[in-house]
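Chemist: Take a look at the following structure, please.
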Amino acid sequence: MRKNNVLMAFFLSLVILFSSVAKADEGMWIPMLIGKNYDQMKKQGFKLTPEDLYSINKASLKDAIVSFGGFCTGEIVSKNGLIFTNHHCGYDAIASHSTPQDNILDNGFWAKSYVEEKVVPGLFVNFLVRMEDVTAKINAATAGLPDAQKAAKIEETGKQIAADAVKGTGYEGFVRDFYKGNQYFLYVFQKFTDIRLVGTPPQSIGKYGGDTDNWVWPRHTGDFSVFRVYASKDNKPADYSAENKPYTPKKYLPVSIKGLKNGDFSMVYGFPGRTDRFLTSYGVKLATDKTSPTIVKLRDIRLKAWKEEMDKDVATRLKFSSKYANIANYWKYYIGQTEQLKRLKIYEQKQKQEAEFTKWAASNPQYAQLTDQYRAAYAAYEPFAIERTYINEGFLATSWVKQLVALASAAKRDENTFNEAKKILVSSLPEYEETYNETADKKIFAKINASFYNDIPKNQHPKFFTVIAQDNWQGNPEETFSKYGNSLWENSNLIKPEKLKSFMSGNPSLKDIEKDPAYQYAVNLIPVDFIRTNMGSVISDFETAKANLDKLYLKALLEKNKGKLMYPDANSTMRITYGNVQNYTPKDGITYNITTTIDGVMQKYVPGDSEFDLPQNLIDAYNARNFGQYGEKGTLVVNFISNNDITGGNSGSPVINGNGELIGLAFDGNWEAMSGDIAFDKQYKRTICVDTRYVLWCIDVLGGAKNIIAELDIRKDSATVPAKKKVVSYK
């Protein structure tokens, strides 16, 4: 591979930022370049080579890591394509296979042969094949273009680079930007779409602690599930077929049950979603004062309405479980992030950094006005920030509104697009009907519209919204929009599932649909039109200004900190973070241990409670002290903590020791450091992991799935633990 010396010199300056402040536990590092961190990793306890981590010439650890569904991470743990990931990552697949008659979400499930494994339509995994720096190509394509044309050209060029790279290979690819558009990488990956559910503990184990314990340490959650990749007879990606075989991977992880001690090396390898570590003080203040509290408020409306219905019967609970869990997770996240940003005084820290930057930049005309330009951009945007938040988190949170907005958006383009959108709507009807609940949906609709009425200044109310309020006024906003909602439900053919199915079966024209009152409401909420009509160019002006300022700010920081180490923000691409298993002190007089045990699980046990109930066989095994080879000092470790740097998307990521063995699965962060996506805190930041010994104990002792245990390379001390191998038939 030819290398551009100028480009490489530029990149070296890019990846060597902040070494004086970045510690071994901080940073989401690019695998291809991890050799730059190798000496520090060795000091921390890593015993392999950089090529063992990432190589395109031989099997390496990267080949055992998968992007799971595009929203989580998984790891291959057997020569037969077995995947470990989190229970919450597999939650939707588990819930979709659950009924009141066969409730595997509550009761658990373990396939004892391949034929018992459950197909999961729509689920996929991606293996990274290779990555390549393509900054020079992107820069060449955009040279000389005005700013207004660059974004489209970057997107076009990136797609062409990816298409050229994967042509004739069967692979897929994309180009991502790094350092706010100062760097670009091509990613080539192999996508497998025949993924099957192999096993899951009951959610009383997999989700133990529920929302109460979410984002909290000490933790006692068995957050894992098991899947398998299937491939064609020639080991290639293939659509589901009964003839497909378990995939034979290039690499899989051995599983350690050796035990842990404070200070042990730990590495997390996965696909972190998004961080914003270079967000300015203006962005921090807007988030803490405006947008995050609004998100929490709007999600709370949905959660309360759903929970009231879920508590009525098992069938409703199962139907809502997956989307409730998804919304609840980041509902609590935004609460915690806001609290910790304030407690750790991140706004003040950012202000200090910006003051230092401004002093440095004063003599450089290109950078001297950056902070003033940021201030002006945020000042113009701030009055509209809450209204904008209401679009996705409020109005479009109602399923039927979101469907009709998609239909209306398609109708604005052309007839073919509209007809395709109608087909998509019809095909999604079973899913819509499955989670439809008129009581909850009406309550959510009325409360969100009423909240908008109260929260947004009247001079910012859209015309259509003002007319609705005036025509239906009942003395207060909630009763007003409740009345309006009831009218829509009764008079529309596009909300109630039965009426919707009947109406769509007649293949209605756009004119027919346009007469419907629900459509007439939804057509006003097409995001682009809503923003343009009610906010003018404020949003687009802000986004353009911020993107340009961010890119320039990062460029300036590269110059200011030349010769110092820097990692890029997470952007859903593969990263490595390394550090140690490590305890911490959250407040004076309290030090948290590195592990929790099954004794703590039993101490929290509340029979019949939705968050702290337990399956009887766990209680029985505990009372009998039946921990098998997985126990330690008369108990069983459940969870542990490390100081690794992770974020959303890392869920399910393998936690790997210095020998390259799996010691746990990352599944959460801790409350004291929930500011981490914006500001990493060395003192408090911890990753919460489920210990492999608890995972295997649940599979083996509680689940009786000896066939799964027999697939694994289980290691204790320096030798592999002997295990009776069971041959599992394909038929």
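Labels for the structure tokens follow display order: chains A, B, ..., residues from 1 in each chain, ligands from 1.
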Taking the DSSP assignment computed from this structure's backbone, write out as number ranges by chain all residues of stretch 23-148 of chain A that belong to alpha helix (DSSP H).
Modeler: A: 38-44, 50-53, 91-96, 104-107, 135-142, 147-148
Chemist: Take the residues from that selection and put them in a file with N, CA and C atoms, as a PDB file, in the first residue's frame.
Modeler:
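File again35.pdb, as written:
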```
ATOM      1  N   TYR A  38       1.236   1.280  22.140  1.00  0.00           N
ATOM      2  CA  TYR A  38       1.653  -0.054  22.569  1.00  0.00           C
ATOM      3  C   TYR A  38       2.522  -0.038  23.823  1.00  0.00           C
ATOM      4  N   ASP A  39       3.466   0.871  23.907  1.00  0.00           N
ATOM      5  CA  ASP A  39       4.344   0.896  25.086  1.00  0.00           C
ATOM      6  C   ASP A  39       3.537   1.123  26.353  1.00  0.00           C
ATOM      7  N   GLN A  40       2.583   2.032  26.292  1.00  0.00           N
ATOM      8  CA  GLN A  40       1.747   2.281  27.466  1.00  0.00           C
ATOM      9  C   GLN A  40       0.896   1.067  27.798  1.00  0.00           C
ATOM     10  N   MET A  41       0.372   0.390  26.774  1.00  0.00           N
ATOM     11  CA  MET A  41      -0.435  -0.806  27.001  1.00  0.00           C
ATOM     12  C   MET A  41       0.390  -1.896  27.681  1.00  0.00           C
ATOM     13  N   LYS A  42       1.628  -2.049  27.266  1.00  0.00           N
ATOM     14  CA  LYS A  42       2.504  -3.046  27.897  1.00  0.00           C
ATOM     15  C   LYS A  42       2.722  -2.718  29.371  1.00  0.00           C
ATOM     16  N   LYS A  43       2.913  -1.455  29.658  1.00  0.00           N
ATOM     17  CA  LYS A  43       3.096  -1.060  31.052  1.00  0.00           C
ATOM     18  C   LYS A  43       1.859  -1.374  31.884  1.00  0.00           C
ATOM     19  N   GLN A  44       0.702  -1.287  31.228  1.00  0.00           N
ATOM     20  CA  GLN A  44      -0.548  -1.567  31.930  1.00  0.00           C
ATOM     21  C   GLN A  44      -0.788  -3.066  32.127  1.00  0.00           C
ATOM     22  N   PRO A  50       0.778  -5.498  18.726  1.00  0.00           N
ATOM     23  CA  PRO A  50      -0.188  -4.674  17.993  1.00  0.00           C
ATOM     24  C   PRO A  50      -0.864  -5.430  16.862  1.00  0.00           C
ATOM     25  N   GLU A  51      -0.129  -6.313  16.205  1.00  0.00           N
ATOM     26  CA  GLU A  51      -0.711  -7.067  15.095  1.00  0.00           C
ATOM     27  C   GLU A  51      -1.734  -8.090  15.583  1.00  0.00           C
ATOM     28  N   ASP A  52      -1.622  -8.501  16.846  1.00  0.00           N
ATOM     29  CA  ASP A  52      -2.654  -9.377  17.416  1.00  0.00           C
ATOM     30  C   ASP A  52      -3.979  -8.633  17.577  1.00  0.00           C
ATOM     31  N   LEU A  53      -3.899  -7.316  17.681  1.00  0.00           N
ATOM     32  CA  LEU A  53      -5.105  -6.512  17.849  1.00  0.00           C
ATOM     33  C   LEU A  53      -5.752  -6.186  16.515  1.00  0.00           C
ATOM     34  N   TYR A  91     -32.642  -7.689  23.486  1.00  0.00           N
ATOM     35  CA  TYR A  91     -33.970  -7.583  24.113  1.00  0.00           C
ATOM     36  C   TYR A  91     -35.105  -7.629  23.097  1.00  0.00           C
ATOM     37  N   ASP A  92     -34.985  -6.881  22.017  1.00  0.00           N
ATOM     38  CA  ASP A  92     -36.055  -6.837  21.026  1.00  0.00           C
ATOM     39  C   ASP A  92     -36.256  -8.206  20.385  1.00  0.00           C
ATOM     40  N   ALA A  93     -35.149  -8.878  20.063  1.00  0.00           N
ATOM     41  CA  ALA A  93     -35.239 -10.216  19.477  1.00  0.00           C
ATOM     42  C   ALA A  93     -35.890 -11.193  20.452  1.00  0.00           C
ATOM     43  N   ILE A  94     -35.532 -11.084  21.722  1.00  0.00           N
ATOM     44  CA  ILE A  94     -36.093 -11.974  22.749  1.00  0.00           C
ATOM     45  C   ILE A  94     -37.581 -11.698  22.923  1.00  0.00           C
ATOM     46  N   ALA A  95     -37.925 -10.410  23.051  1.00  0.00           N
ATOM     47  CA  ALA A  95     -39.334 -10.036  23.248  1.00  0.00           C
ATOM     48  C   ALA A  95     -40.181 -10.435  22.047  1.00  0.00           C
ATOM     49  N   SER A  96     -39.624 -10.326  20.840  1.00  0.00           N
ATOM     50  CA  SER A  96     -40.396 -10.638  19.641  1.00  0.00           C
ATOM     51  C   SER A  96     -40.722 -12.122  19.547  1.00  0.00           C
ATOM     52  N   ILE A 104     -40.406 -16.438  26.750  1.00  0.00           N
ATOM     53  CA  ILE A 104     -38.971 -16.607  26.966  1.00  0.00           C
ATOM     54  C   ILE A 104     -38.336 -15.353  27.544  1.00  0.00           C
ATOM     55  N   LEU A 105     -38.975 -14.203  27.414  1.00  0.00           N
ATOM     56  CA  LEU A 105     -38.449 -12.988  28.034  1.00  0.00           C
ATOM     57  C   LEU A 105     -38.429 -13.150  29.551  1.00  0.00           C
ATOM     58  N   ASP A 106     -39.496 -13.688  30.101  1.00  0.00           N
ATOM     59  CA  ASP A 106     -39.568 -13.883  31.554  1.00  0.00           C
ATOM     60  C   ASP A 106     -38.930 -15.193  32.005  1.00  0.00           C
ATOM     61  N   ASN A 107     -39.030 -16.225  31.188  1.00  0.00           N
ATOM     62  CA  ASN A 107     -38.615 -17.567  31.624  1.00  0.00           C
ATOM     63  C   ASN A 107     -37.224 -17.969  31.156  1.00  0.00           C
ATOM     64  N   THR A 135      -8.340  10.714   3.468  1.00  0.00           N
ATOM     65  CA  THR A 135      -8.414  12.169   3.612  1.00  0.00           C
ATOM     66  C   THR A 135      -7.963  12.889   2.351  1.00  0.00           C
ATOM     67  N   ALA A 136      -6.867  12.430   1.741  1.00  0.00           N
ATOM     68  CA  ALA A 136      -6.336  13.098   0.555  1.00  0.00           C
ATOM     69  C   ALA A 136      -7.356  13.097  -0.581  1.00  0.00           C
ATOM     70  N   LYS A 137      -8.087  11.989  -0.743  1.00  0.00           N
ATOM     71  CA  LYS A 137      -9.086  11.901  -1.813  1.00  0.00           C
ATOM     72  C   LYS A 137     -10.249  12.860  -1.564  1.00  0.00           C
ATOM     73  N   ILE A 138     -10.700  12.928  -0.327  1.00  0.00           N
ATOM     74  CA  ILE A 138     -11.805  13.833  -0.002  1.00  0.00           C
ATOM     75  C   ILE A 138     -11.374  15.283  -0.184  1.00  0.00           C
ATOM     76  N   ASN A 139     -10.179  15.609   0.287  1.00  0.00           N
ATOM     77  CA  ASN A 139      -9.701  16.985   0.176  1.00  0.00           C
ATOM     78  C   ASN A 139      -9.506  17.399  -1.279  1.00  0.00           C
ATOM     79  N   ALA A 140      -9.026  16.459  -2.089  1.00  0.00           N
ATOM     80  CA  ALA A 140      -8.829  16.763  -3.510  1.00  0.00           C
ATOM     81  C   ALA A 140     -10.159  17.035  -4.192  1.00  0.00           C
ATOM     82  N   ALA A 141     -11.184  16.266  -3.822  1.00  0.00           N
ATOM     83  CA  ALA A 141     -12.495  16.421  -4.456  1.00  0.00           C
ATOM     84  C   ALA A 141     -13.186  17.712  -4.054  1.00  0.00           C
ATOM     85  N   THR A 142     -12.848  18.262  -2.888  1.00  0.00           N
ATOM     86  CA  THR A 142     -13.538  19.456  -2.393  1.00  0.00           C
ATOM     87  C   THR A 142     -12.699  20.719  -2.497  1.00  0.00           C
ATOM     88  N   ASP A 147     -18.084  26.739   0.789  1.00  0.00           N
ATOM     89  CA  ASP A 147     -18.549  25.955   1.929  1.00  0.00           C
ATOM     90  C   ASP A 147     -19.929  25.356   1.698  1.00  0.00           C
ATOM     91  N   ALA A 148     -20.797  26.088   1.018  1.00  0.00           N
ATOM     92  CA  ALA A 148     -22.174  25.632   0.812  1.00  0.00           C
ATOM     93  C   ALA A 148     -22.253  24.362  -0.025  1.00  0.00           C
TER      94      ALA A 148
END
```
Chemist: So which one's closest to A:Met535, A:Gly122, A:Gly563, A:Pro383, A:Gly259? Using only C-alpha atoms, please.
Modeler: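 Checking each candidate against A:Met535, we get A:Pro383 as the closest.
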Chemist: May I have the residues within 12 Å of stretch 361-377 of chain A as a PDB file with N, CA and C atoms, in the first residue's frame, using only C-alpha atoms and disregarding those fewer than 5 positions away in the same chain?
Modeler:
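Written out: part08.pdb:
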```
ATOM      1  N   LEU A 279     -17.174  19.658  22.607  1.00  0.00           N
ATOM      2  CA  LEU A 279     -18.298  20.581  22.714  1.00  0.00           C
ATOM      3  C   LEU A 279     -17.877  21.794  23.540  1.00  0.00           C
ATOM      4  N   THR A 280     -18.255  22.971  23.073  1.00  0.00           N
ATOM      5  CA  THR A 280     -17.863  24.193  23.774  1.00  0.00           C
ATOM      6  C   THR A 280     -18.738  24.430  25.001  1.00  0.00           C
ATOM      7  N   SER A 281     -18.362  25.424  25.784  1.00  0.00           N
ATOM      8  CA  SER A 281     -19.138  25.774  26.977  1.00  0.00           C
ATOM      9  C   SER A 281     -20.556  26.195  26.596  1.00  0.00           C
ATOM     10  N   TYR A 282     -20.708  26.794  25.426  1.00  0.00           N
ATOM     11  CA  TYR A 282     -22.039  27.222  24.983  1.00  0.00           C
ATOM     12  C   TYR A 282     -22.936  26.016  24.731  1.00  0.00           C
ATOM     13  N   GLY A 283     -22.377  24.962  24.173  1.00  0.00           N
ATOM     14  CA  GLY A 283     -23.136  23.737  23.954  1.00  0.00           C
ATOM     15  C   GLY A 283     -23.484  23.033  25.244  1.00  0.00           C
ATOM     16  N   LYS A 285     -23.937  24.456  28.195  1.00  0.00           N
ATOM     17  CA  LYS A 285     -24.978  25.233  28.880  1.00  0.00           C
ATOM     18  C   LYS A 285     -26.336  25.013  28.221  1.00  0.00           C
ATOM     19  N   LEU A 286     -26.372  24.964  26.901  1.00  0.00           N
ATOM     20  CA  LEU A 286     -27.636  24.734  26.205  1.00  0.00           C
ATOM     21  C   LEU A 286     -28.199  23.361  26.563  1.00  0.00           C
ATOM     22  N   LYS A 350     -14.906  24.173  30.707  1.00  0.00           N
ATOM     23  CA  LYS A 350     -14.870  24.524  29.285  1.00  0.00           C
ATOM     24  C   LYS A 350     -14.572  26.024  29.112  1.00  0.00           C
ATOM     25  N   GLN A 351     -15.180  26.847  29.949  1.00  0.00           N
ATOM     26  CA  GLN A 351     -14.923  28.285  29.859  1.00  0.00           C
ATOM     27  C   GLN A 351     -13.441  28.599  30.069  1.00  0.00           C
ATOM     28  N   LYS A 352     -12.839  27.928  31.042  1.00  0.00           N
ATOM     29  CA  LYS A 352     -11.425  28.142  31.316  1.00  0.00           C
ATOM     30  C   LYS A 352     -10.566  27.720  30.122  1.00  0.00           C
ATOM     31  N   GLN A 353     -10.885  26.557  29.534  1.00  0.00           N
ATOM     32  CA  GLN A 353     -10.145  26.077  28.362  1.00  0.00           C
ATOM     33  C   GLN A 353     -10.279  27.061  27.201  1.00  0.00           C
ATOM     34  N   GLU A 354     -11.489  27.594  27.027  1.00  0.00           N
ATOM     35  CA  GLU A 354     -11.723  28.518  25.916  1.00  0.00           C
ATOM     36  C   GLU A 354     -11.018  29.853  26.132  1.00  0.00           C
ATOM     37  N   ALA A 355     -10.918  30.274  27.381  1.00  0.00           N
ATOM     38  CA  ALA A 355     -10.183  31.507  27.678  1.00  0.00           C
ATOM     39  C   ALA A 355      -8.699  31.329  27.344  1.00  0.00           C
ATOM     40  N   GLU A 356      -8.154  30.169  27.696  1.00  0.00           N
ATOM     41  CA  GLU A 356      -6.758  29.875  27.372  1.00  0.00           C
ATOM     42  C   GLU A 356      -6.557  29.796  25.868  1.00  0.00           C
ATOM     43  N   GLU A 382     -30.392  29.530  20.406  1.00  0.00           N
ATOM     44  CA  GLU A 382     -30.939  29.143  21.715  1.00  0.00           C
ATOM     45  C   GLU A 382     -32.449  29.337  21.865  1.00  0.00           C
ATOM     46  N   PRO A 383     -33.048  30.451  21.382  1.00  0.00           N
ATOM     47  CA  PRO A 383     -34.495  30.618  21.570  1.00  0.00           C
ATOM     48  C   PRO A 383     -35.346  29.553  20.881  1.00  0.00           C
ATOM     49  N   VAL A 538     -32.922  29.770  10.812  1.00  0.00           N
ATOM     50  CA  VAL A 538     -32.154  29.749  12.069  1.00  0.00           C
ATOM     51  C   VAL A 538     -31.432  28.417  12.261  1.00  0.00           C
ATOM     52  N   ILE A 539     -32.145  27.309  12.046  1.00  0.00           N
ATOM     53  CA  ILE A 539     -31.543  25.992  12.296  1.00  0.00           C
ATOM     54  C   ILE A 539     -30.438  25.691  11.297  1.00  0.00           C
ATOM     55  N   SER A 540     -30.737  25.883  10.017  1.00  0.00           N
ATOM     56  CA  SER A 540     -29.716  25.590   9.000  1.00  0.00           C
ATOM     57  C   SER A 540     -28.518  26.523   9.145  1.00  0.00           C
ATOM     58  N   ASP A 541     -28.771  27.774   9.476  1.00  0.00           N
ATOM     59  CA  ASP A 541     -27.663  28.714   9.686  1.00  0.00           C
ATOM     60  C   ASP A 541     -26.793  28.268  10.861  1.00  0.00           C
ATOM     61  N   PHE A 542     -27.446  27.817  11.934  1.00  0.00           N
ATOM     62  CA  PHE A 542     -26.701  27.366  13.107  1.00  0.00           C
ATOM     63  C   PHE A 542     -25.883  26.117  12.785  1.00  0.00           C
ATOM     64  N   GLU A 543     -26.496  25.142  12.130  1.00  0.00           N
ATOM     65  CA  GLU A 543     -25.784  23.896  11.840  1.00  0.00           C
ATOM     66  C   GLU A 543     -24.594  24.133  10.913  1.00  0.00           C
ATOM     67  N   THR A 544     -24.777  24.995   9.909  1.00  0.00           N
ATOM     68  CA  THR A 544     -23.672  25.307   9.009  1.00  0.00           C
ATOM     69  C   THR A 544     -22.556  26.027   9.752  1.00  0.00           C
ATOM     70  N   ALA A 545     -22.947  27.030  10.542  1.00  0.00           N
ATOM     71  CA  ALA A 545     -21.944  27.785  11.297  1.00  0.00           C
ATOM     72  C   ALA A 545     -21.204  26.898  12.282  1.00  0.00           C
ATOM     73  N   LYS A 546     -21.943  26.051  13.003  1.00  0.00           N
ATOM     74  CA  LYS A 546     -21.310  25.191  14.005  1.00  0.00           C
ATOM     75  C   LYS A 546     -20.362  24.191  13.353  1.00  0.00           C
ATOM     76  N   ALA A 547     -20.767  23.586  12.235  1.00  0.00           N
ATOM     77  CA  ALA A 547     -19.898  22.622  11.551  1.00  0.00           C
ATOM     78  C   ALA A 547     -18.598  23.287  11.112  1.00  0.00           C
ATOM     79  N   ASN A 548     -18.696  24.485  10.562  1.00  0.00           N
ATOM     80  CA  ASN A 548     -17.493  25.198  10.115  1.00  0.00           C
ATOM     81  C   ASN A 548     -16.620  25.589  11.294  1.00  0.00           C
ATOM     82  N   LEU A 549     -17.254  26.048  12.363  1.00  0.00           N
ATOM     83  CA  LEU A 549     -16.488  26.447  13.546  1.00  0.00           C
ATOM     84  C   LEU A 549     -15.831  25.247  14.207  1.00  0.00           C
ATOM     85  N   ASP A 550     -16.564  24.130  14.289  1.00  0.00           N
ATOM     86  CA  ASP A 550     -15.995  22.924  14.898  1.00  0.00           C
ATOM     87  C   ASP A 550     -14.763  22.450  14.144  1.00  0.00           C
ATOM     88  N   LYS A 551     -14.857  22.447  12.816  1.00  0.00           N
ATOM     89  CA  LYS A 551     -13.714  22.001  12.012  1.00  0.00           C
ATOM     90  C   LYS A 551     -12.522  22.923  12.212  1.00  0.00           C
ATOM     91  N   LEU A 552     -12.778  24.212  12.234  1.00  0.00           N
ATOM     92  CA  LEU A 552     -11.703  25.175  12.424  1.00  0.00           C
ATOM     93  C   LEU A 552     -11.125  25.077  13.836  1.00  0.00           C
ATOM     94  N   TYR A 553     -11.988  24.864  14.823  1.00  0.00           N
ATOM     95  CA  TYR A 553     -11.545  24.732  16.210  1.00  0.00           C
ATOM     96  C   TYR A 553     -10.610  23.541  16.371  1.00  0.00           C
ATOM     97  N   LEU A 554     -10.992  22.413  15.766  1.00  0.00           N
ATOM     98  CA  LEU A 554     -10.130  21.226  15.846  1.00  0.00           C
ATOM     99  C   LEU A 554      -8.815  21.444  15.121  1.00  0.00           C
ATOM    100  N   LYS A 555      -8.891  22.111  13.980  1.00  0.00           N
ATOM    101  CA  LYS A 555      -7.653  22.419  13.254  1.00  0.00           C
ATOM    102  C   LYS A 555      -6.736  23.270  14.122  1.00  0.00           C
ATOM    103  N   ALA A 556      -7.334  24.257  14.805  1.00  0.00           N
ATOM    104  CA  ALA A 556      -6.555  25.119  15.682  1.00  0.00           C
ATOM    105  C   ALA A 556      -5.943  24.336  16.842  1.00  0.00           C
ATOM    106  N   LEU A 557      -6.735  23.428  17.425  1.00  0.00           N
ATOM    107  CA  LEU A 557      -6.216  22.631  18.541  1.00  0.00           C
ATOM    108  C   LEU A 557      -5.046  21.757  18.103  1.00  0.00           C
ATOM    109  N   GLU A 559      -2.846  22.522  15.937  1.00  0.00           N
ATOM    110  CA  GLU A 559      -1.678  23.393  15.894  1.00  0.00           C
ATOM    111  C   GLU A 559      -1.230  23.761  17.309  1.00  0.00           C
ATOM    112  N   LYS A 560      -2.180  24.117  18.134  1.00  0.00           N
ATOM    113  CA  LYS A 560      -1.863  24.534  19.503  1.00  0.00           C
ATOM    114  C   LYS A 560      -1.185  23.423  20.294  1.00  0.00           C
TER     115      LYS A 560
END
```
Chemist: What does the distance between atom CA of A:Met310 and atom CA of A:Trp671 come to in Å, to one decimal place?
Modeler: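 Atom CA of A:Met310 sits 27.2 Å away from atom CA of A:Trp671.
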Chemist: Excluding stretch 71-77 of chain A and residues on its chain fewer than 3 positions from it, collect all residues at most 9 Å away from it, counting only C-alpha atoms, and give them as JSON, numbers by chain.
Modeler: {"A": [63, 64, 65, 66, 67, 68, 80, 81, 82, 83, 84, 85, 86, 89, 125, 228, 229, 249, 251, 252, 253, 254, 255, 269, 270, 271, 272, 273, 572, 648, 649, 650, 651, 652, 653, 654, 662, 665, 711, 712, 713]}
Chemist: Applying 9 Å and only C-alpha atoms, which residues near A:Asn449 remain after dropping the ones on its own chain fewer than 5 positions away? List them as a PyMOL selection string.
Modeler: chain A and resi 394-395+444+454+465+477-478+481
Chemist: Using only C-alpha atoms, determine which residues lie at most 10 Å from A:Tyr521, disregarding the query and same-chain residues fewer than 2 positions distant; provide the list as a CSV table (one decimal) with C-alpha atoms, in the first residue's frame.
Modeler:
```
chain,number,residue,atom,x,y,z
A,401,VAL,CA,-47.8,10.6,13.4
A,404,LEU,CA,-48.0,9.7,8.3
A,405,VAL,CA,-45.1,12.2,8.3
A,464,PHE,CA,-51.8,25.1,12.3
A,465,PHE,CA,-51.2,24.5,16.0
A,468,ILE,CA,-56.2,23.6,16.6
A,488,LEU,CA,-58.9,12.5,15.3
A,516,ASP,CA,-58.1,12.5,6.3
A,517,PRO,CA,-57.8,14.7,9.5
A,518,ALA,CA,-54.9,12.8,10.9
A,519,TYR,CA,-53.0,13.3,7.7
A,523,VAL,CA,-48.4,16.9,7.1
A,524,ASN,CA,-47.5,20.0,9.2
A,525,LEU,CA,-44.8,18.1,11.1
```
Chemist: Neighbours of A:Gly658 within 8 Å (only C-alpha atoms; same-chain residues fewer than 3 positions away dropped), as a PDB file with N, CA and C atoms, in the first residue's frame?
Modeler:
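part.pdb was written with the following content:
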```pdb
ATOM      1  N   GLY A  45      -0.087  -3.908  31.352  1.00  0.00           N
ATOM      2  CA  GLY A  45      -0.242  -5.350  31.523  1.00  0.00           C
ATOM      3  C   GLY A  45      -0.630  -6.118  30.269  1.00  0.00           C
ATOM      4  N   PHE A  46      -0.606  -5.461  29.109  1.00  0.00           N
ATOM      5  CA  PHE A  46      -0.951  -6.128  27.855  1.00  0.00           C
ATOM      6  C   PHE A  46       0.218  -6.979  27.390  1.00  0.00           C
ATOM      7  N   LYS A  47      -0.058  -8.245  26.963  1.00  0.00           N
ATOM      8  CA  LYS A  47       1.018  -9.182  26.665  1.00  0.00           C
ATOM      9  C   LYS A  47       1.066  -9.600  25.193  1.00  0.00           C
ATOM     10  N   LEU A  48       0.149  -9.118  24.375  1.00  0.00           N
ATOM     11  CA  LEU A  48       0.144  -9.483  22.958  1.00  0.00           C
ATOM     12  C   LEU A  48       0.853  -8.399  22.142  1.00  0.00           C
ATOM     13  N   PHE A 265      -5.019  -5.600  33.920  1.00  0.00           N
ATOM     14  CA  PHE A 265      -5.229  -4.972  32.615  1.00  0.00           C
ATOM     15  C   PHE A 265      -6.619  -5.312  32.079  1.00  0.00           C
ATOM     16  N   SER A 266      -7.260  -4.334  31.467  1.00  0.00           N
ATOM     17  CA  SER A 266      -8.544  -4.579  30.817  1.00  0.00           C
ATOM     18  C   SER A 266      -8.624  -3.741  29.547  1.00  0.00           C
ATOM     19  N   MET A 267      -9.199  -4.328  28.530  1.00  0.00           N
ATOM     20  CA  MET A 267      -9.338  -3.667  27.241  1.00  0.00           C
ATOM     21  C   MET A 267     -10.750  -3.912  26.729  1.00  0.00           C
ATOM     22  N   GLU A 661      -7.928 -12.802  26.434  1.00  0.00           N
ATOM     23  CA  GLU A 661      -9.043 -13.657  26.834  1.00  0.00           C
ATOM     24  C   GLU A 661     -10.226 -12.817  27.308  1.00  0.00           C
TER      25      GLU A 661
END
```
Chemist: Among stretch 74-115 of chain A, which residues carry a DSSP assignment of strand (DSSP E or B), reported as JSON, numbers by chain?
Modeler: {"A": [74, 75, 76, 82, 83, 84, 85, 109, 110]}
Chemist: Out of A:Gln190, A:Gln149, A:Asn182, A:Asn486, which residue has the shortest atom-to-atom distance to A:Val166 when counting only C-alpha atoms?
Modeler: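 That would be A:Gln190, the residue with the smallest distance to A:Val166.
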